[in-house]
$ cat final-v9.tsv   # TSV, C-alpha atoms and all ligand atoms
chain	number	residue	atom	x	y	z
Q	1	MET	CA	90.05	75.35	120.10
Q	2	ARG	CA	91.07	78.70	118.79
Q	3	GLU	CA	92.48	78.89	115.30
Q	4	ASN	CA	95.68	80.83	115.44
Q	5	HIS	CA	97.16	80.31	112.04
Q	6	VAL	CA	97.96	83.54	110.27
Q	7	ASP	CA	99.33	83.50	106.78
Q	8	SER	CA	100.62	86.98	106.47
Q	9	ASN	CA	103.79	88.07	108.11
Q	10	GLY	CA	103.71	90.92	110.54
Q	11	HIS	CA	103.01	94.27	109.03
Q	12	ASN	CA	105.73	96.64	109.91
Q	13	VAL	CA	104.57	100.10	110.60
Q	14	SER	CA	106.31	103.22	111.68
Q	15	GLY	CA	105.19	106.14	113.68
Q	16	GLU	CA	105.50	109.73	112.87
Q	17	LEU	CA	108.30	110.97	110.76
Q	18	ASP	CA	111.11	112.32	112.87
Q	19	GLU	CA	114.26	114.05	111.76
Q	20	SER	CA	115.87	110.75	110.91
Q	21	GLY	CA	113.11	110.02	108.43
Q	22	ARG	CA	114.21	112.89	106.28
Q	23	THR	CA	116.60	110.70	104.33
Q	24	SER	CA	114.11	108.00	103.51
Q	25	ASN	CA	112.15	109.42	100.58
Q	26	GLY	CA	110.72	106.04	99.86
Q	27	SER	CA	114.11	104.39	99.57
Q	28	ASP	CA	115.13	101.44	101.66
Q	29	SER	CA	118.35	103.02	102.80
Q	30	GLY	CA	119.44	102.06	106.24
Q	31	ASP	CA	117.06	99.17	106.62
Q	32	GLU	CA	119.41	96.38	105.65
Q	33	ASN	CA	121.65	96.47	108.69
Q	34	GLU	CA	118.61	96.30	110.92
Q	35	ASN	CA	117.28	93.11	109.37
Q	36	GLU	CA	118.43	90.43	111.75
Q	37	GLY	CA	117.66	86.88	110.82
Q	38	GLU	CA	115.20	87.59	108.11
Q	39	GLU	CA	114.05	84.65	106.06
Q	40	GLU	CA	113.76	84.55	102.35
Q	41	SER	CA	110.28	85.02	100.96
Q	42	GLU	CA	109.33	86.96	104.02
Q	43	SER	CA	107.56	90.09	102.96
Q	44	GLU	CA	107.72	93.10	105.15
Q	45	ILE	CA	105.47	96.06	105.17
Q	46	LYS	CA	106.98	99.27	106.35
Q	47	ILE	CA	104.56	101.98	107.19
Q	48	GLU	CA	106.14	105.36	107.08
Q	49	SER	CA	104.50	108.31	108.58
Q	50	GLU	CA	103.97	111.87	107.77
Q	51	GLU	CA	101.96	113.85	110.24
Q	52	GLU	CA	100.94	110.72	112.10
Q	53	ASN	CA	100.36	108.85	108.92
Q	54	GLU	CA	101.10	105.26	108.22
Q	55	SER	CA	101.77	105.00	104.56
Q	56	ILE	CA	103.66	101.94	103.61
Q	57	ARG	CA	106.51	100.65	101.60
Q	58	GLU	CA	106.85	97.02	100.78
Q	59	ASN	CA	110.20	95.38	101.08
Q	60	GLU	CA	110.50	91.97	99.48
Q	61	SER	CA	113.35	90.48	101.37
Q	62	GLU	CA	116.08	88.67	99.49
Q	63	ASN	CA	118.02	87.95	102.63
Q	64	GLU	CA	118.60	84.21	102.78
Q	65	GLU	CA	120.27	84.15	106.15
Q	66	GLU	CA	119.21	81.19	108.24
Q	67	ASN	CA	118.50	81.57	111.89
Q	68	ASP	CA	117.53	79.62	114.96
Q	69	GLY	CA	113.86	80.39	114.82
Q	70	GLU	CA	113.96	82.72	117.77
Q	71	THR	CA	114.39	85.84	115.69
Q	72	GLU	CA	112.46	84.93	112.60
Q	73	THR	CA	110.29	87.96	112.25
Q	74	ALA	CA	112.78	90.54	111.19
Q	75	ILE	CA	111.81	93.98	112.26
Q	76	LEU	CA	112.85	97.03	110.36
Q	77	GLY	CA	114.45	99.54	112.62
Q	78	ALA	CA	114.90	103.24	112.44
Q	79	ILE	CA	115.94	104.88	109.25
Q	80	THR	CA	119.46	106.24	109.12
Q	81	THR	CA	119.96	109.68	110.55
Q	82	ASN	CA	120.85	112.57	108.35
Q	83	SER	CA	122.45	115.24	110.48
Q	84	SER	CA	122.84	117.91	107.81
Q	85	PRO	CA	120.75	120.92	108.84
Q	86	PRO	CA	118.04	122.18	106.47
Q	87	LYS	CA	118.50	125.49	104.73
Q	88	TYR	CA	115.16	126.74	106.03
Q	89	GLY	CA	112.38	125.42	108.16
Q	90	CYS	CA	113.26	123.17	111.06
Q	91	GLN	CA	115.04	119.88	111.47
Q	92	HIS	CA	111.77	118.13	110.63
Q	93	TYR	CA	110.29	120.00	107.67
Q	94	ARG	CA	111.21	122.47	104.96
Q	95	ARG	CA	108.71	125.26	105.24
Q	96	ARG	CA	108.56	129.02	105.54
Q	97	ALA	CA	105.63	129.18	107.93
Q	98	LYS	CA	105.71	128.68	111.68
Q	99	LEU	CA	102.66	127.41	113.53
Q	100	VAL	CA	101.04	129.43	116.28
Q	101	ALA	CA	100.20	126.74	118.81
Q	102	PRO	CA	96.53	127.11	119.76
Q	103	CYS	CA	97.24	125.53	123.13
Q	104	CYS	CA	99.94	127.86	124.44
Q	105	GLN	CA	100.17	130.59	121.77
Q	106	GLN	CA	103.85	129.82	121.36
Q	107	VAL	CA	105.33	129.80	117.86
Q	108	PHE	CA	107.09	126.72	116.50
Q	109	PHE	CA	108.02	125.61	113.01
Q	110	CYS	CA	106.14	122.36	113.44
Q	111	ARG	CA	104.31	120.27	115.96
Q	112	HIS	CA	107.37	118.10	116.58
Q	113	CYS	CA	109.30	121.22	117.57
Q	114	HIS	CA	106.40	122.12	119.87
Q	115	ASN	CA	106.15	118.69	121.42
Q	116	ASP	CA	109.92	118.34	121.76
Q	117	ALA	CA	109.93	121.57	123.74
Q	118	MET	CA	107.44	120.06	126.15
Q	119	ASP	CA	108.26	117.61	128.90
Q	120	ILE	CA	105.47	115.10	128.47
Q	121	ASN	CA	105.97	113.73	131.98
Q	122	HIS	CA	105.87	117.11	133.64
Q	123	PRO	CA	103.12	117.43	136.27
Q	124	ASP	CA	102.29	120.95	135.06
Q	125	PRO	CA	99.99	120.54	132.02
Q	126	ARG	CA	101.31	123.78	130.56
Q	127	LEU	CA	104.65	122.03	130.12
Q	128	ALA	CA	103.34	118.58	129.29
Q	129	HIS	CA	100.75	119.08	126.54
Q	130	LYS	CA	100.81	118.12	122.89
Q	131	ILE	CA	99.72	120.36	120.07
Q	132	ASP	CA	96.51	119.65	118.15
Q	133	ARG	CA	97.57	120.24	114.57
Q	134	HIS	CA	93.99	120.42	113.37
Q	135	ALA	CA	93.29	123.30	115.74
Q	136	VAL	CA	96.10	125.48	114.43
Q	137	ALA	CA	94.50	128.61	112.97
Q	138	GLU	CA	97.42	130.99	112.57
Q	139	VAL	CA	100.93	130.93	111.20
Q	140	VAL	CA	103.89	133.30	111.25
Q	141	CYS	CA	105.78	133.85	108.01
Q	142	SER	CA	109.43	133.01	108.61
Q	143	GLU	CA	110.50	135.47	105.91
Q	144	CYS	CA	108.65	138.61	107.03
Q	145	ASN	CA	107.45	137.56	110.50
Q	146	THR	CA	103.84	138.48	109.78
Q	147	ARG	CA	101.31	136.64	111.92
Q	148	GLN	CA	98.24	135.69	109.88
Q	149	PRO	CA	95.49	133.12	109.37
Q	150	LYS	CA	96.94	129.89	107.99
Q	151	SER	CA	97.02	129.54	104.22
Q	152	ASP	CA	99.52	128.55	101.57
Q	153	VAL	CA	100.80	132.06	100.72
Q	154	CYS	CA	101.96	134.90	102.98
Q	155	ILE	CA	99.49	137.79	102.96
Q	156	ALA	CA	102.33	140.28	103.47
Q	157	CYS	CA	105.29	139.17	101.35
Q	158	SER	CA	103.42	136.76	99.05
Q	159	ILE	CA	105.96	133.98	99.51
Q	160	LYS	CA	104.64	130.44	99.12
Q	161	PHE	CA	105.13	128.76	102.48
Q	162	ALA	CA	105.77	125.31	100.98
Q	163	ALA	CA	105.12	123.30	97.84
Q	164	TYR	CA	102.73	121.01	99.74
Q	165	TYR	CA	100.09	122.48	102.02
Q	166	CYS	CA	97.24	120.75	103.81
Q	167	ALA	CA	94.80	123.13	105.47
Q	168	THR	CA	93.20	120.34	107.49
Q	169	CYS	CA	96.46	119.21	109.06
Q	170	SER	CA	98.13	122.63	109.08
Q	171	PHE	CA	100.95	120.85	107.33
Q	172	TYR	CA	103.62	122.37	105.10
Q	173	ASP	CA	106.62	120.77	103.41
Q	174	ASP	CA	108.67	121.44	100.31
Q	175	GLU	CA	109.81	117.86	99.89
Q	176	ILE	CA	107.02	116.84	97.54
Q	177	SER	CA	109.07	113.86	96.34
Q	178	LYS	CA	107.75	112.16	99.47
Q	179	GLY	CA	104.37	111.96	97.75
Q	180	PHE	CA	102.24	113.69	100.38
Q	181	PHE	CA	98.52	113.17	100.26
Q	182	HIS	CA	95.71	113.76	102.70
Q	183	CYS	CA	93.56	110.73	103.51
Q	184	GLU	CA	90.06	111.90	104.43
Q	185	GLN	CA	89.25	108.73	106.37
Q	186	CYS	CA	92.50	108.79	108.32
Q	187	GLY	CA	92.11	112.51	108.80
Q	188	ILE	CA	95.83	113.04	108.31
Q	189	CYS	CA	98.44	113.53	105.62
Q	190	ARG	CA	100.47	110.57	104.46
Q	191	VAL	CA	103.49	109.93	102.29
Q	192	GLY	CA	104.03	107.53	99.43
Q	193	GLY	CA	101.61	108.79	96.78
Q	194	ARG	CA	97.83	108.56	96.87
Q	195	GLU	CA	97.76	106.29	93.82
Q	196	ASN	CA	99.72	103.63	95.69
Q	197	PHE	CA	97.41	103.24	98.67
Q	198	PHE	CA	93.96	102.21	99.74
Q	199	HIS	CA	92.32	102.99	103.05
Q	200	CYS	CA	91.22	100.04	105.17
Q	201	PRO	CA	88.27	101.17	107.31
Q	202	THR	CA	88.79	98.37	109.83
Q	203	CYS	CA	92.49	98.91	110.45
Q	204	ASN	CA	91.83	102.64	110.17
Q	205	CYS	CA	95.00	102.97	108.18
Q	206	CYS	CA	96.24	103.30	104.60
Q	207	PHE	CA	97.96	100.27	103.06
Q	208	PRO	CA	99.65	99.70	99.69
Q	209	HIS	CA	97.53	98.11	96.97
Q	210	SER	CA	99.92	95.17	96.90
Q	211	ILE	CA	98.59	93.83	100.21
Q	212	LYS	CA	94.92	94.57	99.57
Q	213	GLU	CA	93.99	90.88	99.38
Q	214	SER	CA	96.50	89.50	101.85
Q	215	HIS	CA	96.40	91.86	104.80
Q	216	LYS	CA	94.68	90.80	108.01
Q	217	CYS	CA	92.39	93.41	109.48
Q	218	PHE	CA	92.72	94.47	113.08
Q	219	GLN	CA	90.46	97.14	114.48
Q	220	ASP	CA	92.34	100.44	114.87
Q	221	ALA	CA	95.60	98.53	114.73
Q	222	LEU	CA	97.79	101.47	115.65
Q	223	LYS	CA	95.65	103.31	118.14
Q	224	LYS	CA	97.13	101.40	121.05
Q	225	ASP	CA	99.90	101.78	123.59
Q	226	CYS	CA	103.12	99.89	123.12
Q	227	PRO	CA	102.85	97.03	125.65
Q	228	VAL	CA	106.52	97.37	126.57
Q	229	CYS	CA	107.18	101.10	126.94
Q	230	LEU	CA	103.52	102.20	127.14
Q	231	ASP	CA	103.92	105.00	124.58
Q	232	PHE	CA	100.95	105.66	122.31
Q	233	LEU	CA	101.92	104.08	118.99
Q	234	PHE	CA	99.87	106.35	116.74
Q	235	ASP	CA	101.87	109.37	117.91
Q	236	SER	CA	105.20	107.68	118.16
Q	237	THR	CA	108.20	108.60	116.06
Q	238	HIS	CA	109.48	105.03	116.38
Q	239	SER	CA	108.47	102.34	113.92
Q	240	ALA	CA	105.97	99.74	115.06
Q	241	SER	CA	105.05	96.20	114.12
Q	242	VAL	CA	101.67	94.54	113.84
Q	243	LEU	CA	102.17	91.05	115.22
Q	244	LYS	CA	100.40	87.99	113.81
Q	245	CYS	CA	97.93	88.08	116.66
Q	246	GLY	CA	97.04	91.66	115.78
Q	247	HIS	CA	98.68	93.30	118.77
Q	248	THR	CA	100.93	96.22	118.00
Q	249	ILE	CA	104.27	97.12	119.51
Q	250	HIS	CA	107.29	99.28	118.79
Q	251	SER	CA	109.69	97.39	116.55
Q	252	HIS	CA	112.67	98.14	118.78
Q	253	CYS	CA	110.71	97.22	121.91
Q	254	PHE	CA	109.73	93.90	120.34
Q	255	GLN	CA	113.34	93.20	119.37
Q	256	LYS	CA	114.45	93.73	122.95
Q	257	TRP	CA	111.53	91.70	124.23
Q	258	CYS	CA	112.40	88.74	121.99
Q	259	ARG	CA	115.92	88.56	123.37
Q	260	VAL	CA	114.55	87.36	126.69
Q	261	ASN	CA	111.33	85.66	125.58
Q	262	SER	CA	110.94	82.44	123.64
Q	263	PHE	CA	109.07	81.95	120.38
Q	264	GLN	CA	108.79	85.70	119.77
Q	265	GLN	CA	105.85	85.68	122.13
Q	266	CYS	CA	103.47	88.61	122.00
Q	267	PRO	CA	103.85	90.47	125.30
Q	268	VAL	CA	100.08	90.88	125.47
Q	269	CYS	CA	98.65	87.46	124.57
Q	270	LYS	CA	101.80	85.26	124.51
Q	271	LYS	CA	101.01	83.85	121.08
Q	272	ASN	CA	104.07	83.09	118.98
Q	273	ASN	CA	105.20	85.32	116.14
Q	274	LEU	CA	107.43	82.79	114.45
Q	275	SER	CA	107.22	83.01	110.68
Q	276	ASP	CA	107.47	79.22	110.40
Q	277	PRO	CA	106.40	77.73	113.74
Q	278	GLU	CA	106.03	74.22	112.32
Q	279	ARG	CA	109.73	74.16	111.52
Q	280	VAL	CA	110.64	75.30	115.02
Q	281	TRP	CA	108.38	72.67	116.58
Q	282	GLU	CA	110.07	70.01	114.44
Q	283	GLN	CA	113.43	71.18	115.77
Q	284	TYR	CA	112.06	70.82	119.29
Q	285	ASP	CA	110.73	67.34	118.48
Q	286	THR	CA	114.18	66.30	117.34
Q	287	TYR	CA	115.86	67.84	120.36
Q	288	MET	CA	113.43	66.22	122.79
Q	289	THR	CA	113.91	62.83	121.15
Q	290	ASN	CA	117.68	63.17	121.42
Q	291	HIS	CA	117.54	64.40	125.01
Q	292	PRO	CA	115.24	62.08	126.98
Q	293	MET	CA	114.71	62.78	130.66
Q	294	PRO	CA	117.37	61.15	132.86
Q	295	GLU	CA	116.42	57.89	134.61
Q	296	GLU	CA	115.82	59.51	137.99
Q	297	TYR	CA	112.97	61.61	136.51
Q	298	LYS	CA	111.15	58.70	134.86
Q	299	ASP	CA	108.64	58.34	137.69
Q	300	MET	CA	107.80	62.01	138.06
Q	301	PRO	CA	104.06	62.74	137.84
Q	302	LYS	CA	102.67	64.18	134.63
Q	303	GLN	CA	102.46	67.94	134.31
Q	304	THR	CA	99.54	70.11	133.29
Q	305	ILE	CA	100.39	72.65	130.63
Q	306	LEU	CA	98.50	75.46	128.96
Q	307	CYS	CA	99.21	76.18	125.31
Q	308	ASN	CA	99.66	79.90	124.65
Q	309	ASP	CA	98.81	79.42	120.98
Q	310	CYS	CA	95.65	77.28	121.04
Q	311	LEU	CA	94.75	77.77	124.72
Q	312	VAL	CA	94.18	74.03	125.23
Q	313	LYS	CA	95.36	72.32	128.43
Q	314	SER	CA	97.22	69.00	128.23
Q	315	HIS	CA	98.66	66.50	130.71
Q	316	VAL	CA	102.10	65.59	129.50
Q	317	PRO	CA	105.16	63.70	130.76
Q	318	PHE	CA	107.45	65.57	133.12
Q	319	SER	CA	110.22	67.59	131.50
Q	320	PHE	CA	112.51	70.36	132.56
Q	321	ILE	CA	113.24	71.24	128.92
Q	322	ALA	CA	109.96	71.84	127.10
Q	323	HIS	CA	106.36	70.67	126.86
Q	324	LYS	CA	104.50	69.86	123.70
Q	325	CYS	CA	100.85	70.84	123.33
Q	326	GLU	CA	98.82	67.73	122.52
Q	327	ALA	CA	96.26	69.78	120.62
Q	328	CYS	CA	98.35	71.87	118.22
Q	329	GLN	CA	101.73	70.09	118.56
Q	330	GLY	CA	103.47	73.35	119.42
Q	331	TYR	CA	105.86	74.07	122.25
Q	332	ASN	CA	104.65	77.55	123.16
Q	333	THR	CA	103.31	76.26	126.47
Q	334	ASP	CA	103.50	77.07	130.16
Q	335	VAL	CA	103.28	74.65	133.05
Q	336	VAL	CA	100.12	75.32	135.02
Q	337	VAL	CA	100.91	75.54	138.71
Q	338	SER	CA	98.03	73.93	140.55
O	401	ZN	ZN	101.29	124.26	123.09
O	402	ZN	ZN	105.82	136.75	104.67
O	403	ZN	ZN	96.33	116.54	105.79
O	404	ZN	ZN	93.70	106.33	105.18
O	405	ZN	ZN	92.55	96.07	107.33
O	406	ZN	ZN	107.62	100.66	122.92
O	407	ZN	ZN	99.18	89.28	120.91
O	408	ZN	ZN	98.34	74.22	121.37

$ encode --input "final-v9.tsv" --output "structure tokens" --more "lines below"
Ligand SMILES: [Zn+2]
Ligand SMILES: [Zn+2]
Ligand SMILES: [Zn+2]
Ligand SMILES: [Zn+2]
Ligand SMILES: [Zn+2]
Ligand SMILES: [Zn+2]
Ligand SMILES: [Zn+2]
Ligand SMILES: [Zn+2]
Amino acid sequence: MRENHVDSNGHNVSGELDESGRTSNGSDSGDENENEGEEESESEIKIESEEENESIRENESENEEENDGETETAILGAITTNSSPPKYGCQHYRRRAKLVAPCCQQVFFCRHCHNDAMDINHPDPRLAHKIDRHAVAEVVCSECNTRQPKSDVCIACSIKFAAYYCATCSFYDDEISKGFFHCEQCGICRVGGRENFFHCPTCNCCFPHSIKESHKCFQDALKKDCPVCLDFLFDSTHSASVLKCGHTIHSHCFQKWCRVNSFQQCPVCKKNNLSDPERVWEQYDTYMTNHPMPEEYKDMPKQTILCNDCLVKSHVPFSFIAHKCEACQGYNTDVVVS
């Protein structure tokens, strides 16, 4: 029998910073209205990205809203959009250097601008490629238009391209209040302040010190495709969640998925992601007791079920409502068609 109990709640992670992330600056603005059915005492980890980073904010929920158990793992959605255009740089970053893309020699303010200009589904690779930020060797000063090897200061007009510069990531941004730092092990720049994070070599990700003891490790947790939309999560600008089983998925894809799937089942392994499954099973016990099968079904043969949580098969009385696993007492089961 497989032990499936996981103490920690799902880590909530987000993909790369997009233009909407500009307003976040470590605040929790915009998250509240996305928190459906969150339980008190449920701790959420939001991983916010900068240059494909996954730095994290912790959000101790005070929301005491009760719910029906089907939406217990609240998922933080996208951060509110700030539509005000920057004074310089692009919609993504404040910088005075444009990147010369090593792949196509085109000039863009940032890699998001480059990738947005591409059609990733286009059959022609010249129109469908992504930029490799680490391979960027040259920049163009946006003040004097001089093309030059990348550095922090323009060789022609001496302007500083941005307050934060990472040569490894070819990354520039003036918004240092985001707490940029480069994690050597991740190989990318992150936000949130180096002093607030540790790098987990198993998860291959930086996490806040506050979850150092409690977090469950999953190998390369984010270097997977979203099982619903099949986008690569590590690159994604949408936030992602690490489910209790360790599988990762876009937060918004999981929300949609849970609307049509019971027990917040993982789309990959079908294990439940309920924050308090025992309580939900008790509700089912009560319901089943109060709704016995009608007389005409009393003589139906027993059914064979497979438990999605503990993977044990049971032979249980016929029901068209639900089937209880005899091994783990849960209801996350499927009838096995013989
Ligand atoms: Zn390119
Ligand atoms: Zn210049
Ligand atoms: Zn970096
Ligand atoms: Zn790291
Ligand atoms: Zn870990
Ligand atoms: Zn997805
Ligand atoms: Zn799973
Ligand atoms: Zn079971």

$ residues_near_ligand --input "final-v9.tsv" --ligand "ligand ZN 407 (chain O)" --cutoff "12 Å" --atoms "only C-alpha atoms and all ligand atoms" --output "PDB file with C-alpha atoms, in the frame of the given file"
ATOM      1  CA  ASN Q   4      95.680  80.830 115.440  1.00  0.00           C
ATOM      2  CA  GLY Q  10     103.710  90.920 110.540  1.00  0.00           C
ATOM      3  CA  PHE Q 218      92.720  94.470 113.080  1.00  0.00           C
ATOM      4  CA  ALA Q 221      95.600  98.530 114.730  1.00  0.00           C
ATOM      5  CA  CYS Q 226     103.120  99.890 123.120  1.00  0.00           C
ATOM      6  CA  PRO Q 227     102.850  97.030 125.650  1.00  0.00           C
ATOM      7  CA  SER Q 241     105.050  96.200 114.120  1.00  0.00           C
ATOM      8  CA  VAL Q 242     101.670  94.540 113.840  1.00  0.00           C
ATOM      9  CA  LEU Q 243     102.170  91.050 115.220  1.00  0.00           C
ATOM     10  CA  LYS Q 244     100.400  87.990 113.810  1.00  0.00           C
ATOM     11  CA  CYS Q 245      97.930  88.080 116.660  1.00  0.00           C
ATOM     12  CA  GLY Q 246      97.040  91.660 115.780  1.00  0.00           C
ATOM     13  CA  HIS Q 247      98.680  93.300 118.770  1.00  0.00           C
ATOM     14  CA  THR Q 248     100.930  96.220 118.000  1.00  0.00           C
ATOM     15  CA  ILE Q 249     104.270  97.120 119.510  1.00  0.00           C
ATOM     16  CA  PHE Q 254     109.730  93.900 120.340  1.00  0.00           C
ATOM     17  CA  GLN Q 264     108.790  85.700 119.770  1.00  0.00           C
ATOM     18  CA  GLN Q 265     105.850  85.680 122.130  1.00  0.00           C
ATOM     19  CA  CYS Q 266     103.470  88.610 122.000  1.00  0.00           C
ATOM     20  CA  PRO Q 267     103.850  90.470 125.300  1.00  0.00           C
ATOM     21  CA  VAL Q 268     100.080  90.880 125.470  1.00  0.00           C
ATOM     22  CA  CYS Q 269      98.650  87.460 124.570  1.00  0.00           C
ATOM     23  CA  LYS Q 270     101.800  85.260 124.510  1.00  0.00           C
ATOM     24  CA  LYS Q 271     101.010  83.850 121.080  1.00  0.00           C
ATOM     25  CA  ASN Q 272     104.070  83.090 118.980  1.00  0.00           C
ATOM     26  CA  ASN Q 273     105.200  85.320 116.140  1.00  0.00           C
ATOM     27  CA  ASN Q 308      99.660  79.900 124.650  1.00  0.00           C
ATOM     28  CA  ASP Q 309      98.810  79.420 120.980  1.00  0.00           C
TER      29      ASP Q 309
END

$ residues_near_ligand --input "final-v9.tsv" --ligand "ligand ZN 408 (chain O)" --cutoff "9 Å" --atoms "only C-alpha atoms and all ligand atoms" --output "number ranges by chain"
Q: 1-2, 306-314, 324-333

$ closest_atom_pairs --input "final-v9.tsv" --of "chain Q" --to "ligand ZN 402 (chain O)" --cutoff "6 Å" --atoms "all atoms listed in the file" --output "CSV"
residue,atom,partner,partner_atom,distance
Q:Cys141,CA,O:ZN402,ZN,4.4
Q:Glu143,CA,O:ZN402,ZN,5.0
Q:Cys144,CA,O:ZN402,ZN,4.1
Q:Thr146,CA,O:ZN402,ZN,5.7
Q:Cys154,CA,O:ZN402,ZN,4.6
Q:Ala156,CA,O:ZN402,ZN,5.1
Q:Cys157,CA,O:ZN402,ZN,4.1
Q:Ile159,CA,O:ZN402,ZN,5.9

$ residues_around --input "final-v9.tsv" --residues "Ile155 in chain Q" --least-positions-apart "2" --cutoff "12 Å" --atoms "all atoms listed in the file" --output "ChimeraX atom specification"
/Q:97,138-141,143-153,157-161

$ write_last_selection --input "final-v9.tsv" --atoms "C-alpha atoms" --output "compact mmCIF listing (two decimals), in the frame of the given file"
# COMPACT_ATOMS: atom_id res chain seq x y z
CA ALA Q 97 105.63 129.18 107.93
CA GLU Q 138 97.42 130.99 112.57
CA VAL Q 139 100.93 130.93 111.20
CA VAL Q 140 103.89 133.30 111.25
CA CYS Q 141 105.78 133.85 108.01
CA GLU Q 143 110.50 135.47 105.91
CA CYS Q 144 108.65 138.61 107.03
CA ASN Q 145 107.45 137.56 110.50
CA THR Q 146 103.84 138.48 109.78
CA ARG Q 147 101.31 136.64 111.92
CA GLN Q 148 98.24 135.69 109.88
CA PRO Q 149 95.49 133.12 109.37
CA LYS Q 150 96.94 129.89 107.99
CA SER Q 151 97.02 129.54 104.22
CA ASP Q 152 99.52 128.55 101.57
CA VAL Q 153 100.80 132.06 100.72
CA CYS Q 157 105.29 139.17 101.35
CA SER Q 158 103.42 136.76 99.05
CA ILE Q 159 105.96 133.98 99.51
CA LYS Q 160 104.64 130.44 99.12
CA PHE Q 161 105.13 128.76 102.48

$ residues_near_ligand --input "final-v9.tsv" --ligand "ligand ZN 404 (chain O)" --cutoff "8 Å" --atoms "all atoms listed in the file" --output "PyMOL selection string"
chain Q and resi 183-188+198-201+204-207

$ atom_distance --input "final-v9.tsv" --atom1 "CA of Ser319 in chain Q" --atom2 "CA of Pro292 in chain Q"
8.7 Å

$ residues_near_ligand --input "final-v9.tsv" --ligand "ligand ZN 401 (chain O)" --cutoff "9 Å" --atoms "all atoms listed in the file" --output "JSON, numbers by chain"
{"Q": [100, 101, 102, 103, 104, 105, 106, 107, 111, 114, 115, 118, 126, 127, 128, 129, 130, 131, 132]}

$ residues_near_ligand --input "final-v9.tsv" --ligand "ligand ZN 403 (chain O)" --cutoff "6 Å" --atoms "only C-alpha atoms and all ligand atoms" --output "VMD selection string"
chain Q and resid 166 168 to 169 182 188 to 189

$ residues_near_ligand --input "final-v9.tsv" --ligand "ligand ZN 406 (chain O)" --cutoff "8 Å" --atoms "only C-alpha atoms and all ligand atoms" --output "CSV table (one decimal) with C-alpha atoms, in the frame of the given file"
chain,number,residue,atom,x,y,z
Q,225,ASP,CA,99.9,101.8,123.6
Q,226,CYS,CA,103.1,99.9,123.1
Q,227,PRO,CA,102.8,97.0,125.6
Q,228,VAL,CA,106.5,97.4,126.6
Q,229,CYS,CA,107.2,101.1,126.9
Q,230,LEU,CA,103.5,102.2,127.1
Q,231,ASP,CA,103.9,105.0,124.6
Q,233,LEU,CA,101.9,104.1,119.0
Q,249,ILE,CA,104.3,97.1,119.5
Q,250,HIS,CA,107.3,99.3,118.8
Q,251,SER,CA,109.7,97.4,116.6
Q,252,HIS,CA,112.7,98.1,118.8
Q,253,CYS,CA,110.7,97.2,121.9
Q,254,PHE,CA,109.7,93.9,120.3

$ residues_around --input "final-v9.tsv" --residues "Phe181 in chain Q" --least-positions-apart "6" --cutoff "8 Å" --atoms "all atoms listed in the file" --output "ChimeraX atom specification"
/Q:189-194

$ build_atoms --input "final-v9.tsv" --residues "range 172-183 of chain Q" --atoms "N, CA and C atoms" --output "tab-separated table (two decimals), keeping the file's coordinate frame"
chain	number	residue	atom	x	y	z
Q	172	TYR	N	102.86	121.79	106.20
Q	172	TYR	CA	103.62	122.37	105.10
Q	172	TYR	C	104.91	121.58	104.91
Q	173	ASP	N	105.27	121.30	103.67
Q	173	ASP	CA	106.62	120.77	103.41
Q	173	ASP	C	106.95	120.95	101.94
Q	174	ASP	N	108.21	121.27	101.69
Q	174	ASP	CA	108.67	121.44	100.31
Q	174	ASP	C	109.09	120.13	99.66
Q	175	GLU	N	109.27	119.10	100.46
Q	175	GLU	CA	109.81	117.86	99.89
Q	175	GLU	C	108.70	117.01	99.28
Q	176	ILE	N	108.18	117.50	98.15
Q	176	ILE	CA	107.02	116.84	97.54
Q	176	ILE	C	107.39	115.48	96.95
Q	177	SER	N	108.69	115.19	96.84
Q	177	SER	CA	109.07	113.86	96.34
Q	177	SER	C	108.62	112.77	97.30
Q	178	LYS	N	108.26	113.16	98.52
Q	178	LYS	CA	107.75	112.16	99.47
Q	178	LYS	C	106.34	111.71	99.12
Q	179	GLY	N	105.70	112.39	98.19
Q	179	GLY	CA	104.37	111.96	97.75
Q	179	GLY	C	103.30	112.20	98.80
Q	180	PHE	N	103.25	113.39	99.35
Q	180	PHE	CA	102.24	113.69	100.38
Q	180	PHE	C	100.84	113.59	99.80
Q	181	PHE	N	99.93	113.08	100.60
Q	181	PHE	CA	98.52	113.17	100.26
Q	181	PHE	C	97.71	113.12	101.55
Q	182	HIS	N	96.56	113.75	101.51
Q	182	HIS	CA	95.71	113.76	102.70
Q	182	HIS	C	94.67	112.67	102.55
Q	183	CYS	N	94.61	111.75	103.51
Q	183	CYS	CA	93.56	110.73	103.51
Q	183	CYS	C	92.40	111.23	104.36
